[in-house]
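Text of model_6.csv (CSV, C-alpha atoms) as supplied:
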chain,number,residue,atom,x,y,z
A,8,MET,CA,-9.5,21.5,40.7
A,9,LEU,CA,-12.0,20.6,38.1
A,10,ALA,CA,-9.3,20.6,35.4
A,11,GLU,CA,-7.1,18.3,37.6
A,12,THR,CA,-10.1,15.9,38.1
A,13,GLN,CA,-10.8,15.8,34.4
A,14,SER,CA,-7.1,15.4,33.6
A,15,GLY,CA,-7.0,12.4,36.1
A,16,ARG,CA,-10.1,10.9,34.4
A,17,HIS,CA,-8.5,11.2,31.0
A,18,ARG,CA,-5.3,9.5,32.2
A,19,ALA,CA,-7.3,6.7,33.8
A,20,ALA,CA,-9.4,6.3,30.6
A,21,ALA,CA,-6.2,6.1,28.6
A,22,LEU,CA,-4.6,3.6,30.9
A,23,CYS,CA,-7.8,1.5,30.8
A,24,ALA,CA,-7.8,1.6,27.0
A,25,ILE,CA,-4.1,0.6,26.8
A,26,ALA,CA,-4.7,-2.3,29.3
A,27,SER,CA,-7.8,-3.4,27.3
A,28,LEU,CA,-5.8,-3.5,24.1
A,29,MET,CA,-2.9,-5.4,25.7
A,30,SER,CA,-5.3,-7.9,27.2
A,31,VAL,CA,-7.1,-8.3,23.8
A,32,GLY,CA,-3.7,-8.8,22.3
A,33,GLY,CA,-2.9,-11.4,25.0
A,34,PHE,CA,-5.8,-13.5,23.9
A,35,ALA,CA,-3.9,-14.5,20.8
A,36,ARG,CA,-1.5,-17.1,22.1
A,37,ALA,CA,1.7,-18.0,20.3
A,38,ASP,CA,0.2,-21.2,18.8
A,39,ASP,CA,-2.8,-19.2,17.5
A,40,VAL,CA,-0.5,-16.7,15.9
A,41,ASP,CA,1.4,-19.4,14.1
A,42,SER,CA,-1.8,-20.6,12.6
A,43,TRP,CA,-2.7,-17.2,11.2
A,44,HIS,CA,-2.2,-16.6,7.5
A,45,GLU,CA,0.4,-14.1,6.4
A,46,ILE,CA,-0.9,-10.6,6.0
A,47,GLU,CA,-0.6,-8.1,3.1
A,48,THR,CA,1.2,-5.1,4.7
A,49,LYS,CA,0.5,-2.3,2.2
A,50,TYR,CA,-2.5,-0.8,4.1
A,51,ILE,CA,-1.9,-1.7,7.8
A,52,PHE,CA,0.1,1.4,8.7
A,53,GLY,CA,-2.4,4.3,8.1
A,54,PHE,CA,-0.9,7.1,6.0
A,55,THR,CA,2.3,5.2,5.9
A,56,THR,CA,2.4,2.7,3.1
A,57,GLY,CA,3.7,-0.9,3.5
A,58,SER,CA,5.7,-2.8,1.0
A,59,GLY,CA,2.9,-5.1,-0.2
A,60,ILE,CA,2.1,-5.2,-3.9
A,61,GLY,CA,-0.7,-7.7,-3.9
A,62,LEU,CA,-0.8,-11.1,-5.5
A,63,GLU,CA,-0.3,-11.8,-9.2
A,64,GLY,CA,-3.7,-11.8,-10.9
A,65,GLU,CA,-5.4,-9.9,-8.0
A,66,LYS,CA,-7.6,-7.0,-8.8
A,67,GLU,CA,-9.0,-4.5,-6.3
A,68,PHE,CA,-11.4,-1.6,-6.3
A,69,THR,CA,-11.0,0.9,-3.5
A,70,THR,CA,-12.3,4.2,-2.3
A,71,ASP,CA,-9.6,6.1,-0.4
A,72,THR,CA,-10.6,9.3,1.3
A,73,LYS,CA,-8.1,11.7,3.0
A,74,GLY,CA,-9.5,14.6,5.0
A,75,ARG,CA,-7.6,17.7,6.1
A,76,PHE,CA,-9.1,19.8,9.0
A,77,GLY,CA,-8.1,23.1,10.6
A,78,LYS,CA,-6.0,26.1,9.7
A,79,ARG,CA,-4.8,29.0,11.8
A,80,ASP,CA,-8.3,30.6,11.8
A,81,GLY,CA,-11.8,30.2,10.5
A,82,ARG,CA,-13.3,26.9,9.4
A,83,TYR,CA,-11.3,24.6,7.2
A,84,ASN,CA,-12.5,21.1,6.1
A,85,ALA,CA,-11.3,19.5,2.9
A,86,THR,CA,-11.3,16.0,1.5
A,87,GLU,CA,-10.0,14.2,-1.5
A,88,THR,CA,-11.2,10.7,-2.5
A,89,LYS,CA,-9.5,8.3,-4.9
A,90,TYR,CA,-11.8,6.0,-6.8
A,91,GLU,CA,-9.1,3.5,-7.6
A,92,PHE,CA,-8.6,0.3,-9.6
A,93,GLU,CA,-5.5,-1.6,-8.7
A,94,PHE,CA,-4.1,-4.8,-10.2
A,95,THR,CA,-0.9,-6.9,-10.0
A,96,PRO,CA,0.2,-8.1,-13.4
A,97,SER,CA,3.4,-9.8,-12.2
A,98,GLN,CA,5.0,-11.0,-8.9
A,99,PHE,CA,7.0,-7.8,-8.7
A,100,ILE,CA,4.8,-5.0,-10.1
A,101,GLN,CA,1.6,-3.4,-9.1
A,102,ILE,CA,-0.3,-0.8,-11.1
A,103,GLU,CA,-3.1,1.5,-9.9
A,104,PHE,CA,-5.1,4.3,-11.6
A,105,GLY,CA,-8.3,6.2,-11.0
A,106,ALA,CA,-10.2,9.4,-10.6
A,107,LEU,CA,-10.2,12.0,-7.8
A,108,GLY,CA,-13.1,13.7,-6.2
A,109,SER,CA,-12.8,16.6,-3.7
A,110,THR,CA,-14.9,18.6,-1.2
A,111,HIS,CA,-14.1,21.9,0.4
A,112,ASP,CA,-15.8,23.7,3.2
A,113,ILE,CA,-13.8,26.9,3.9
A,114,ALA,CA,-14.9,30.0,5.8
A,115,GLY,CA,-12.9,32.9,7.3
A,116,VAL,CA,-9.5,31.4,6.7
A,117,THR,CA,-6.7,33.9,6.1
A,118,ASP,CA,-5.4,33.8,2.5
A,119,LEU,CA,-8.1,31.4,1.3
A,120,ASP,CA,-11.4,32.3,-0.3
A,121,ASP,CA,-14.6,31.1,1.3
A,122,ARG,CA,-15.9,28.0,-0.5
A,123,LYS,CA,-18.4,25.2,-0.2
A,124,GLN,CA,-18.0,22.8,-3.1
A,125,VAL,CA,-18.0,19.2,-4.3
A,126,ALA,CA,-16.0,18.6,-7.5
A,127,PHE,CA,-14.3,16.2,-9.8
A,128,ALA,CA,-10.7,16.9,-9.0
A,129,GLY,CA,-8.5,15.0,-11.5
A,130,GLY,CA,-6.9,11.6,-12.1
A,131,PHE,CA,-3.8,9.6,-11.1
A,132,ALA,CA,-1.8,6.4,-11.7
A,133,GLU,CA,0.7,4.6,-9.5
A,134,PHE,CA,3.4,2.1,-10.4
A,135,ARG,CA,5.0,0.0,-7.6
A,136,TYR,CA,8.0,-2.2,-7.9
A,137,LEU,CA,9.0,-4.7,-5.2
A,138,ALA,CA,12.8,-4.2,-5.0
A,139,ILE,CA,13.5,-6.4,-1.9
A,140,GLU,CA,11.1,-9.3,-1.0
A,141,ARG,CA,10.5,-10.7,2.4
A,142,THR,CA,11.3,-14.4,3.0
A,143,SER,CA,11.2,-16.5,6.1
A,144,SER,CA,14.9,-15.6,6.7
A,145,ASN,CA,14.7,-11.9,5.7
A,146,PRO,CA,12.1,-9.8,7.5
A,147,LEU,CA,12.7,-6.7,5.4
A,148,ALA,CA,10.7,-5.8,2.2
A,149,VAL,CA,11.1,-2.6,0.1
A,150,THR,CA,9.0,-1.3,-2.6
A,151,LEU,CA,9.7,1.8,-4.9
A,152,ALA,CA,6.6,3.7,-6.0
A,153,ILE,CA,5.9,6.6,-8.3
A,154,GLU,CA,2.5,8.3,-8.6
A,155,PRO,CA,1.9,11.0,-11.2
A,156,THR,CA,-1.3,13.0,-10.5
A,157,VAL,CA,-3.1,15.6,-12.5
A,158,ARG,CA,-5.6,17.9,-10.7
A,159,VAL,CA,-8.0,20.5,-11.9
A,160,ILE,CA,-8.9,21.5,-8.3
A,161,ASP,CA,-6.3,22.7,-5.9
A,162,GLU,CA,-6.1,20.3,-2.9
A,163,THR,CA,-5.8,23.1,-0.3
A,164,SER,CA,-7.8,26.0,-1.6
A,165,GLY,CA,-10.4,24.3,-3.8
A,166,GLU,CA,-9.6,26.8,-6.7
A,167,HIS,CA,-9.7,25.7,-10.3
A,168,VAL,CA,-6.0,25.1,-11.4
A,169,HIS,CA,-3.8,22.9,-13.5
A,170,ASN,CA,-1.7,21.0,-11.1
A,171,TYR,CA,0.9,18.3,-11.9
A,172,GLU,CA,2.3,16.2,-9.1
A,173,LEU,CA,4.8,13.4,-9.0
A,174,GLU,CA,4.9,11.5,-5.7
A,175,THR,CA,7.9,9.3,-5.4
A,176,MET,CA,8.2,7.0,-2.4
A,177,VAL,CA,10.3,4.3,-0.8
A,178,ASN,CA,8.0,2.0,1.2
A,179,ALA,CA,9.9,-0.4,3.6
A,180,ASP,CA,8.5,-2.7,6.2
A,181,LEU,CA,9.9,-5.2,8.7
A,182,GLU,CA,8.1,-8.2,10.3
A,183,LEU,CA,9.4,-7.7,13.9
A,184,VAL,CA,7.5,-10.6,15.4
A,185,ARG,CA,6.2,-13.3,13.0
A,186,ASN,CA,2.5,-12.7,12.1
A,187,ARG,CA,2.2,-10.3,15.0
A,188,LEU,CA,4.2,-7.0,15.0
A,189,TYR,CA,5.3,-4.9,12.0
A,190,ALA,CA,7.3,-1.7,11.5
A,191,ALA,CA,7.3,0.5,8.4
A,192,PHE,CA,9.3,3.4,7.1
A,193,ASN,CA,8.4,5.7,4.2
A,194,LEU,CA,10.6,8.2,2.4
A,195,LEU,CA,8.8,10.8,0.3
A,196,TYR,CA,9.7,13.3,-2.4
A,197,GLU,CA,6.8,15.0,-4.0
A,198,PRO,CA,7.4,17.9,-6.5
A,199,GLU,CA,4.4,19.6,-8.0
A,200,TYR,CA,3.8,22.3,-10.5
A,201,THR,CA,0.6,24.4,-10.4
A,202,GLN,CA,-0.8,26.9,-12.9
A,203,THR,CA,-3.6,29.1,-11.6
A,204,LEU,CA,-6.4,30.6,-13.8
A,205,THR,CA,-4.6,34.0,-13.5
A,206,ASN,CA,-1.6,32.3,-15.2
A,207,GLU,CA,0.6,32.4,-12.1
A,208,SER,CA,2.9,29.3,-12.0
A,209,ILE,CA,4.0,27.8,-8.7
A,210,ARG,CA,6.7,25.2,-8.2
A,211,GLU,CA,6.8,23.4,-4.8
A,212,ALA,CA,7.9,20.2,-3.2
A,213,THR,CA,7.3,18.2,-0.1
A,214,PHE,CA,10.0,16.0,1.3
A,215,GLY,CA,9.8,13.8,4.4
A,216,GLY,CA,9.4,10.5,6.0
A,217,SER,CA,7.5,8.4,8.4
A,218,ALA,CA,7.8,5.6,10.9
A,219,ALA,CA,4.9,3.3,11.9
A,220,LEU,CA,4.3,0.3,14.1
A,221,SER,CA,1.3,-2.1,13.8
A,222,LEU,CA,0.2,-4.8,16.1
A,223,ARG,CA,-1.9,-7.7,15.0
A,224,LEU,CA,-4.5,-8.4,17.7
A,225,ALA,CA,-6.5,-10.9,15.7
A,226,PRO,CA,-6.2,-12.4,12.2
A,227,GLY,CA,-8.1,-9.5,10.6
A,228,LEU,CA,-7.5,-6.7,13.2
A,229,LEU,CA,-4.4,-4.5,13.5
A,230,ILE,CA,-3.9,-1.3,15.5
A,231,GLY,CA,-0.9,0.9,15.5
A,232,ALA,CA,0.6,4.4,15.5
A,233,GLU,CA,2.6,6.4,13.1
A,234,ALA,CA,4.7,9.6,13.0
A,235,TRP,CA,5.4,11.8,10.0
A,236,TYR,CA,8.0,14.5,9.5
A,237,LEU,CA,7.3,16.7,6.4
A,238,ARG,CA,9.2,19.6,5.0
A,239,HIS,CA,7.8,22.1,2.4
A,240,TYR,CA,9.8,24.0,-0.3
A,241,ASP,CA,8.9,26.6,-2.8
A,242,ASP,CA,11.1,24.9,-5.5
A,243,PHE,CA,11.8,21.4,-6.8
A,244,GLY,CA,15.5,21.4,-5.7
A,245,LEU,CA,14.8,21.6,-1.9
A,246,SER,CA,16.6,24.9,-1.4
A,247,ALA,CA,13.7,27.3,-0.8
A,248,PHE,CA,12.6,25.9,2.6
A,249,THR,CA,9.3,27.4,3.9
A,250,GLY,CA,8.4,25.2,6.9
A,251,ASP,CA,8.0,21.8,8.4
A,252,ALA,CA,5.7,19.8,10.6
A,253,VAL,CA,5.4,16.6,12.7
A,254,MET,CA,2.2,14.7,12.6
A,255,VAL,CA,1.4,11.7,14.8
A,256,GLY,CA,-1.6,9.5,15.4
A,257,PRO,CA,-3.3,6.1,15.7
A,258,THR,CA,-4.0,3.6,12.9
A,259,LEU,CA,-6.5,0.8,12.4
A,260,TYR,CA,-6.8,-2.0,9.9
A,261,LEU,CA,-9.9,-4.3,9.8
A,262,GLN,CA,-10.6,-7.2,7.5
A,263,PHE,CA,-14.3,-7.9,7.2
A,264,THR,CA,-14.0,-10.9,4.8
A,265,PRO,CA,-11.0,-12.5,3.0
A,266,LYS,CA,-11.8,-10.1,0.1
A,267,MET,CA,-12.9,-6.9,1.9
A,268,PHE,CA,-11.1,-4.6,4.3
A,269,MET,CA,-10.9,-1.1,5.6
A,270,THR,CA,-8.1,1.0,7.0
A,271,ALA,CA,-8.4,4.2,9.1
A,272,ALA,CA,-6.0,6.7,10.5
A,273,TRP,CA,-5.9,10.0,12.3
A,274,ASN,CA,-2.9,12.3,12.5
A,275,SER,CA,-2.6,15.5,14.5
A,276,GLN,CA,0.1,18.1,14.0
A,277,VAL,CA,2.1,18.1,17.3
A,278,TRP,CA,4.9,20.4,16.2
A,279,GLY,CA,5.6,22.7,13.3
A,280,ARG,CA,7.1,26.0,12.1
A,281,GLU,CA,6.6,28.4,9.3
A,282,VAL,CA,9.6,30.5,8.0
A,283,GLY,CA,8.9,34.1,9.0
A,284,ASN,CA,6.2,33.3,11.5
A,285,ALA,CA,6.8,32.8,15.2
A,286,LEU,CA,3.5,31.2,15.9
A,287,PRO,CA,3.6,27.5,16.8
A,288,LEU,CA,2.6,24.8,14.2
A,289,ASN,CA,2.8,25.1,10.5
A,290,LEU,CA,-0.7,25.7,9.3
A,291,ALA,CA,0.2,27.4,6.1
A,292,GLU,CA,1.3,24.3,4.2
A,293,PHE,CA,-0.1,21.6,6.5
A,294,GLN,CA,-3.3,21.2,8.6
A,295,ARG,CA,-4.1,20.7,12.3
A,296,HIS,CA,-5.5,17.2,11.7
A,297,ARG,CA,-5.8,14.8,8.9
A,298,ALA,CA,-7.8,11.5,8.6
A,299,ARG,CA,-7.8,8.6,6.2
A,300,LEU,CA,-10.6,6.1,5.5
A,301,LYS,CA,-10.2,3.5,2.9
A,302,PHE,CA,-12.4,0.6,1.8
A,303,ALA,CA,-11.3,-2.1,-0.5
A,304,TRP,CA,-12.9,-5.0,-2.4
A,305,GLU,CA,-10.7,-7.6,-4.0
A,306,PHE,CA,-12.0,-9.7,-6.9
B,21,MET,CA,21.7,1.9,-48.7
B,22,SER,CA,18.2,1.9,-49.9
B,23,LEU,CA,15.3,2.3,-47.5
B,24,ALA,CA,13.9,-1.2,-48.4
B,25,THR,CA,17.3,-2.9,-47.6
B,26,ASP,CA,17.6,-1.0,-44.3
B,27,MET,CA,14.0,-2.0,-43.4
B,28,THR,CA,14.7,-5.7,-44.3
B,29,ARG,CA,17.8,-5.7,-42.1
B,30,LYS,CA,15.9,-4.2,-39.1
B,31,LEU,CA,13.1,-6.7,-39.5
B,32,SER,CA,15.5,-9.6,-39.8
B,33,PHE,CA,17.3,-8.4,-36.6
B,34,ALA,CA,13.9,-8.1,-34.8
B,35,ALA,CA,13.0,-11.7,-35.9
B,36,VAL,CA,16.3,-13.1,-34.7
B,37,CYS,CA,15.8,-11.3,-31.3
B,38,ALA,CA,12.2,-12.7,-31.0
B,39,ALA,CA,13.3,-16.2,-31.9
B,40,ALA,CA,16.1,-16.0,-29.3
B,41,MET,CA,13.6,-14.8,-26.6
B,42,LEU,CA,11.2,-17.6,-27.5
B,43,ALA,CA,14.0,-20.1,-27.2
B,44,ALA,CA,15.2,-18.7,-23.9
B,45,SER,CA,11.6,-18.8,-22.5
B,46,ALA,CA,11.1,-22.4,-23.7
B,47,LEU,CA,14.4,-23.3,-22.0
B,48,GLN,CA,13.3,-21.6,-18.8
B,49,ALA,CA,10.0,-23.5,-18.9
B,50,GLN,CA,12.0,-26.7,-19.3
B,51,GLN,CA,14.2,-25.8,-16.3
B,52,ALA,CA,11.1,-24.9,-14.1
B,53,VAL,CA,10.5,-27.3,-11.2
B,54,GLN,CA,7.1,-29.0,-11.5
B,55,ILE,CA,5.1,-29.5,-8.3
B,56,GLN,CA,1.9,-31.6,-8.5
B,57,VAL,CA,-0.6,-31.1,-5.7
B,58,THR,CA,-4.1,-32.6,-5.5
B,59,TYR,CA,-6.9,-31.0,-3.5
B,60,SER,CA,-9.6,-33.3,-2.2
B,61,ASN,CA,-11.9,-33.4,0.8
B,62,GLY,CA,-10.8,-29.8,1.5
B,63,GLN,CA,-7.1,-30.7,2.0
B,64,PHE,CA,-3.9,-30.4,-0.1
B,65,GLN,CA,-2.1,-33.7,-0.8
B,66,PRO,CA,0.8,-33.5,-0.2
B,67,ASN,CA,0.6,-30.5,2.0
B,68,GLN,CA,4.4,-30.2,2.4
B,69,VAL,CA,6.4,-29.8,-0.8
B,70,SER,CA,10.0,-28.8,-1.6
B,71,ALA,CA,12.0,-27.3,-4.4
B,72,LEU,CA,15.5,-26.0,-5.2
B,73,ALA,CA,16.3,-22.4,-4.7
B,74,ASP,CA,16.8,-20.0,-7.7
B,75,LYS,CA,14.7,-22.1,-10.1
B,76,PRO,CA,11.2,-21.1,-11.3
B,77,ILE,CA,8.4,-23.4,-10.1
B,78,VAL,CA,5.2,-24.5,-11.8
B,79,PHE,CA,2.4,-25.6,-9.4
B,80,ARG,CA,-0.1,-28.0,-11.0
B,81,ILE,CA,-3.1,-28.2,-8.7
B,82,LYS,CA,-5.8,-30.8,-9.4
B,83,ASN,CA,-9.0,-29.9,-7.7
B,84,LEU,CA,-10.9,-33.2,-7.2
B,85,ASP,CA,-13.6,-31.7,-5.0
B,86,GLY,CA,-17.1,-30.8,-6.3
B,87,LYS,CA,-16.6,-27.1,-5.6
B,88,ALA,CA,-14.1,-24.4,-6.6
B,89,MET,CA,-11.1,-23.6,-4.5
B,90,GLU,CA,-8.7,-20.7,-4.6
B,91,PHE,CA,-5.0,-21.5,-4.4
B,92,GLU,CA,-3.4,-18.5,-2.7
B,93,SER,CA,-0.1,-17.5,-1.0
B,94,LYS,CA,0.9,-14.1,0.2
B,95,SER,CA,4.6,-15.0,0.3
B,96,LEU,CA,4.5,-16.6,-3.2
B,97,ARG,CA,2.4,-13.6,-4.3
B,98,VAL,CA,0.0,-15.7,-6.4
B,99,GLU,CA,-3.7,-16.6,-6.4
B,100,LYS,CA,-5.8,-18.7,-8.7
B,101,VAL,CA,-9.4,-19.9,-8.6
B,102,ILE,CA,-9.6,-23.5,-9.7
B,103,ALA,CA,-13.0,-24.8,-10.7
B,104,ALA,CA,-14.4,-28.1,-9.4
B,105,LYS,CA,-13.0,-31.2,-11.0
B,106,SER,CA,-10.3,-29.3,-13.0
B,107,GLU,CA,-6.6,-28.5,-12.9
B,108,GLY,CA,-5.0,-25.1,-12.5
B,109,VAL,CA,-1.4,-24.1,-13.3
B,110,VAL,CA,0.4,-21.4,-11.3
B,111,ASN,CA,3.8,-20.1,-12.3
B,112,VAL,CA,6.1,-18.9,-9.6
B,113,ARG,CA,9.3,-16.9,-10.0
B,114,ALA,CA,12.7,-18.4,-8.9
B,115,LEU,CA,12.7,-18.3,-5.1
B,116,LYS,CA,15.2,-17.8,-2.4
B,117,ALA,CA,15.6,-20.4,0.3
B,118,GLY,CA,12.9,-20.3,2.9
B,119,ARG,CA,9.4,-21.5,3.8
B,120,TYR,CA,6.4,-20.3,1.7
B,121,GLU,CA,2.9,-21.0,3.0
B,122,PHE,CA,-0.1,-21.6,0.7
B,123,TYR,CA,-3.8,-22.2,1.4
B,124,ASP,CA,-7.3,-22.4,0.0
B,125,ASP,CA,-8.8,-18.9,0.4
B,126,PHE,CA,-12.3,-20.4,0.4
B,127,ASN,CA,-11.4,-22.9,3.1
B,128,GLU,CA,-9.5,-21.7,6.2
B,129,LYS,CA,-8.4,-25.3,7.1
B,130,ALA,CA,-6.7,-26.2,3.9
B,131,ARG,CA,-3.1,-25.3,4.2
B,132,GLY,CA,0.3,-26.3,3.0
B,133,ALA,CA,3.9,-25.1,2.7
B,134,LEU,CA,6.7,-25.1,0.2
B,135,THR,CA,10.2,-25.4,1.5
B,136,VAL,CA,12.9,-24.0,-0.8
B,137,GLN,CA,16.5,-25.1,-0.2
How would this structure read if it were set down as structure tokens?
Amino acid sequence: MLAETQSGRHRAAALCAIASLMSVGGFARADDVDSWHEIETKYIFGFTTGSGIGLEGEKEFTTDTKGRFGKRDGRYNATETKYEFEFTPSQFIQIEFGALGSTHDIAGVTDLDDRKQVAFAGGFAEFRYLAIERTSSNPLAVTLAIEPTVRVIDETSGEHVHNYELETMVNADLELVRNRLYAAFNLLYEPEYTQTLTNESIREATFGGSAALSLRLAPGLLIGAEAWYLRHYDDFGLSAFTGDAVMVGPTLYLQFTPKMFMTAAWNSQVWGREVGNALPLNLAEFQRHRARLKFAWEF
Amino acid sequence: MSLATDMTRKLSFAAVCAAAMLAASALQAQQAVQIQVTYSNGQFQPNQVSALADKPIVFRIKNLDGKAMEFESKSLRVEKVIAAKSEGVVNVRALKAGRYEFYDDFNEKARGALTVQ
């Protein structure tokens, strides 16, 4: 009875929240929306990346923290933060580079050592090329991105390693309703090679994609939702499949000033499987929840 | 063939290539469409401009106001701060047909649009 009452309250609260968001959205009339400036789409979809590459001559400093929470047992909290400088040298190319910092708080997780640490984790660079540009008659834009990363701390376990990763992505987005509603699609292939301190070498790859929707409620405020499907392999050639997972969750983009914004996202694993394990969810290669919080200053 | 002769040939070839690239870029600059816009009393004048498709564009923005402005456009993918009482030049790639908005990022009310046909 108590459970039913609580469930009813949760449903009512969810309906109220949706109604509130829809009414907030309703405040922006069509004529208001027409007067809004166009928006840069790169960061409005949470973990999903939009096609934006910035403006020629623009420079930006960002801190981008991604947290991973929850394994099958014990306590698992890990974060990795990018301290990133990005600039746009031409109207088709964007370049980013920076350093990585990580934190790990692990206790009682099967196959992982207990650990509580804060560390310098490595460095990365990213190159983005705008392959298809949006115009007033073409709502689709597509950007190709590659991001080589070198780590000295393993993302999952926090162990000292030599890790080389090459994230390759297709970032596509569509303006569904002018200045108001956007959709995005990402395609990801991420091979990585790791050498442990005991000289064990590991080849693995992640392959997958995402879809996201983002609604602009006010000129500097967007909310949305995204879904990711990720597959993990123990080789580069995508033949040694070890498991997959589906993650879904809400997204938020908030612009404080014309030169300063933040983006936040929360994803929870709603479905997953591990090869050779009948338990629900894939908590060997992925996590129960992940979060993203990014602040950016343009100059 | 001696090493010196081979090196001279390679350098000559590089010089010819560089000269050809310079000539091509000068030709492209000549073909670029020039658009003059003035900025005064917090407004663009004219605020509606047009150009032909598939030709590079050079915006010359004369800021007549007593404070700096930032010429910016998400769809043109350019931004440039132009100091008070000075002129700024913004080069834009060859564009497809469409409407491209621009504005002063320091002044919400100053807006304009480029129509490419």
- Message: Residues of chain A were defined as contacting chain B if any atom lay at most 12 Å from it, counting all atoms listed in the file; please report them as an MDAnalysis selection string.
- Response: chainID A and resid 41:49 59:66 95:101 137 139:146 148 226 264:266 305:306
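Taking CA of Val53 (chain B) and CA of Ile81 (chain B) as endpoints, the distance between them is 13.9 Å.
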note - CA of Met267 (chain A) and CA of Phe92 (chain A) are separated by 14.2 Å
Please provide the set of residues having any atom within 6 Å of Val149 (chain A), restricted to only C-alpha atoms, with same-chain residues fewer than 3 positions apart removed, written as a ChimeraX atom specification.
/A:58,138-139,178-179
How many Å separate CA of Ala232 (chain A) from CA of Phe76 (chain A)?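 Atom-to-atom, CA of Ala232 (chain A) to CA of Phe76 (chain A), that is 19.3 Å.
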Problem - region 253-257 of chain A surroundings by all atoms listed in the file, 7 Å radius, close-in-sequence under 3 positions cut, as a list in words - result: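 Contacts, in chain order: Gly231, Ala232, Glu233, Ala234, Trp235, Tyr236, Leu237, Ala272, Trp273, Asn274, Ser275, Gln276, Val277, Trp278 and Gly279 of chain A.
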Identify the residues within 10 Å of coordinate (12.2, -29.3, -4.6) (same frame as the file), considering all atoms listed in the file, and give the answer as a compact mmCIF listing (two decimals) with C-alpha atoms, keeping the file's coordinate frame.
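To be explicit, this is the file written out as result.txt:
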# COMPACT_ATOMS: atom_id res chain seq x y z
CA VAL B 53 10.50 -27.30 -11.20
CA GLN B 54 7.10 -29.00 -11.50
CA ILE B 55 5.10 -29.50 -8.30
CA VAL B 69 6.40 -29.80 -0.80
CA SER B 70 10.00 -28.80 -1.60
CA ALA B 71 12.00 -27.30 -4.40
CA LEU B 72 15.50 -26.00 -5.20
CA ALA B 73 16.30 -22.40 -4.70
CA LYS B 75 14.70 -22.10 -10.10
CA ILE B 77 8.40 -23.40 -10.10
CA LEU B 134 6.70 -25.10 0.20
CA THR B 135 10.20 -25.40 1.50
CA VAL B 136 12.90 -24.00 -0.80
CA GLN B 137 16.50 -25.10 -0.20
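Each of A:Glu197, A:Glu67, A:Asp242, A:Asp118 was checked against Glu154 (chain A) using all atoms listed in the file; the smallest atom-to-atom distance is that of A:Glu197.
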Inset, instruction - Give me the residues within 7 Å of Gln262 (chain A) as JSON, numbers by chain, counting all atoms listed in the file and dropping any in the same chain fewer than 5 places off. - result: {"A": [227, 228, 267, 268, 269]}
